[in-house]
Amino acid sequence: MRKINLETAVGLFILIGIISLGYLSIRMGKLEVIGAKGTTLFAEFGAVAGIKPGAAVEIAGVGVGKVKSIRLKDYQATMELFILGDLKIQEDAIASVKTKGLIGEKYVEIAPGASEKFIPDGGRIRETESAIDYESLISKFIFGKV
Amino acid sequence: MLTFLNTLGEWFLSVLNRLGHVFLFLLRSLYTAVRPPFKFRIFLRQVRFFGNKSLLVVLMTGAFTGMVLALQIYYTLRKFGSEALLGPAVALTIIRELGPVLSALMVTGRAGSALTAEIGIMKISEQIDALESMALNPLRYLIVPNIVAAVLVFPLLTAIFDLVGIYSGYLVGVQLLGLSPGTYFSQMDTIVDMQDVNIGLYKSLSFGVIVSWISCYKGYHAGYGAEGVSRATTSAVVTSSVLILVWDYFLGSILL
């Protein structure tokens, strides 16, 4: 067998390394390959209760996008939601912050509406439900105000 | 009392002097690195020396680290009934800590020691002086290619280590311990972030600088005779390893 020369050996090593690095950043880091299509929507919540940018957005349990950013606007948490693909959200859809299980991760669930009108790109979801605050729920239960 | 103060001051000044010497060596090398002419051929040879020849040992350590992590973390998590978190636990441990640190330690043992011995023998057989007397900058030929090659190679080796480790963890978790294949990766996708991958990369970049810098410095300033070279090699490996672990903690706590 011919001895592999220096350049080929180094080239092979670099190739393997770059492929692993690329796989790690795209698969684990969810690095967005430029040009991901979708629409951006805004939603205002009274309380977001520990939801972080990058959290999932789901409709009927199916992941359809993610939370891009969370900012405070007029003492309300304004969330920027990125919906993947050309999925349209109805005008009367309801966005709510939910938890998977008792101590699971937080995510945004969108309950689709029945309206014929869709929210345009950059529009606002009007109906929202804030996260359930377990502590106040428990204290209400204890002091009998449910 | 006065003699004590005297000794203390002398010791402190000598330590400071030595540290300055080591640091100036790095600065001089970096300065030479950004000025042409570049020795591309030597650089390629050093990439092969650091990269290709460490590939096998990195693959082996990566595979067994991932397997043992999956095994141990599984038995801990099972006590809380949260085996579903095995995937992210293995991935986070490997990507953030063990990948950069273990591959750096392996390369130190394999390549760093050889590098110090090589440069040390060039030093005691007066080859470095010969280069200087021909008005060639020894830093450009011996040191700079090593540092640049290490900075390039370490992140790549770390990425390979991470990948092999995560997949061998998958092998143990799913094939041997009977976890469902879906949970291992889906949980990983939601918990591991780009930031974690970046932290691992920053760490391995800085380890590349540390290992090549210390190994070259120790070889370049080796004492005389065979004993001098052997002492330089030992001290290069020990110093690099300790510095890797110390720096890993500090970088970890800063970047967290």
# chains A, B, ... in the order shown; residues from 1 in each chain; ligands from 1
>>> interface_residues(of="chain B", to="chain A", cutoff="7 Å", atoms="only C-alpha atoms", output="VMD selection string")
chain B and resid 44 to 45 47 to 48 51 to 52 156 to 157 159 to 160 163 189 192 to 194 197
>>> write_last_selection(atoms="N, CA, C and O atoms", output="short mmCIF file (atom, residue, chain, number, x, y, z; two decimals), in the first residue's frame")
data_model
loop_
_atom_site.label_atom_id
_atom_site.label_comp_id
_atom_site.auth_asym_id
_atom_site.auth_seq_id
_atom_site.Cartn_x
_atom_site.Cartn_y
_atom_site.Cartn_z
N LEU B 44 1.70 22.03 8.95
CA LEU B 44 0.96 20.82 8.57
C LEU B 44 1.53 19.60 9.29
O LEU B 44 0.78 18.75 9.78
N ARG B 45 2.87 19.55 9.37
CA ARG B 45 3.48 18.39 10.03
C ARG B 45 3.08 18.35 11.51
O ARG B 45 2.84 17.28 12.07
N VAL B 47 0.28 19.60 12.73
CA VAL B 47 -1.13 19.21 12.82
C VAL B 47 -1.23 17.69 12.82
O VAL B 47 -1.98 17.09 13.59
N ARG B 48 -0.43 17.05 11.96
CA ARG B 48 -0.46 15.59 11.94
C ARG B 48 0.06 15.03 13.26
O ARG B 48 -0.49 14.09 13.81
N GLY B 51 -2.73 15.99 15.81
CA GLY B 51 -4.08 15.55 15.49
C GLY B 51 -4.18 14.10 15.13
O GLY B 51 -4.74 13.29 15.88
N ASN B 52 -3.63 13.75 13.96
CA ASN B 52 -3.81 12.39 13.44
C ASN B 52 -3.33 11.34 14.44
O ASN B 52 -3.98 10.33 14.64
N LEU B 156 -11.05 20.46 17.47
CA LEU B 156 -11.51 19.37 16.61
C LEU B 156 -11.48 18.04 17.35
O LEU B 156 -12.43 17.26 17.30
N LEU B 157 -10.37 17.80 18.08
CA LEU B 157 -10.29 16.56 18.86
C LEU B 157 -11.40 16.51 19.90
O LEU B 157 -12.01 15.46 20.13
N ALA B 159 -14.35 17.91 19.71
CA ALA B 159 -15.63 17.63 19.05
C ALA B 159 -15.76 16.14 18.76
O ALA B 159 -16.82 15.54 18.98
N ILE B 160 -14.67 15.52 18.31
CA ILE B 160 -14.70 14.08 18.02
C ILE B 160 -14.95 13.31 19.32
O ILE B 160 -15.77 12.39 19.37
N LEU B 163 -18.65 13.61 20.39
CA LEU B 163 -19.55 12.82 19.56
C LEU B 163 -19.45 11.34 19.91
O LEU B 163 -20.47 10.66 20.13
N ASP B 189 -32.06 17.15 23.20
CA ASP B 189 -32.33 18.29 22.32
C ASP B 189 -32.90 19.47 23.08
O ASP B 189 -32.57 20.62 22.78
N VAL B 192 -29.71 20.54 26.13
CA VAL B 192 -28.38 21.02 25.72
C VAL B 192 -28.53 22.20 24.76
O VAL B 192 -29.34 22.17 23.85
N ASP B 193 -27.72 23.24 25.01
CA ASP B 193 -27.84 24.49 24.26
C ASP B 193 -26.60 24.76 23.44
O ASP B 193 -25.57 24.13 23.65
N MET B 194 -26.70 25.74 22.55
CA MET B 194 -25.51 26.17 21.83
C MET B 194 -24.47 26.71 22.80
O MET B 194 -23.27 26.57 22.58
N VAL B 197 -22.14 24.03 24.00
CA VAL B 197 -21.15 23.66 22.99
C VAL B 197 -20.05 24.72 22.94
O VAL B 197 -18.86 24.42 22.87
#
>>> select_by_dssp(residues="stretch 83-144 of chain A", states="helix (DSSP H, G or I)", output="PyMOL selection string")
chain A and resi 134-142
>>> write_last_selection(atoms="C-alpha atoms", output="short mmCIF file (atom, residue, chain, number, x, y, z; two decimals), in the first residue's frame")
data_model
loop_
_atom_site.label_atom_id
_atom_site.label_comp_id
_atom_site.auth_asym_id
_atom_site.auth_seq_id
_atom_site.Cartn_x
_atom_site.Cartn_y
_atom_site.Cartn_z
CA TYR A 134 -48.96 26.58 42.26
CA GLU A 135 -48.03 28.38 45.47
CA SER A 136 -50.97 30.77 45.39
CA LEU A 137 -53.23 27.91 44.36
CA ILE A 138 -52.12 25.86 47.36
CA SER A 139 -52.46 28.80 49.76
CA LYS A 140 -55.96 29.50 48.45
CA PHE A 141 -56.83 25.88 49.00
CA ILE A 142 -55.48 25.93 52.55
#
>>> atom_distance(atom1="atom CA of B:Ala130", atom2="atom CA of B:Ala33")
21.2 Å
>>> closest_residue(among="B:Ala236, B:Leu177, B:Val151, B:Leu26", to="B:Tyr74", atoms="only C-alpha atoms")
B:Leu177
>>> closest_residue(among="A:Val67, A:Pro120, A:Ile132, A:Ile59", to="A:Met79", atoms="only C-alpha atoms")
A:Val67
>>> residues_around(residues="A:Gly123", least_positions_apart="6", cutoff="10 Å", atoms="only C-alpha atoms", output="list in words")
Thr39, Thr40, Leu41, Phe42, Ala43 and Glu91 of chain A
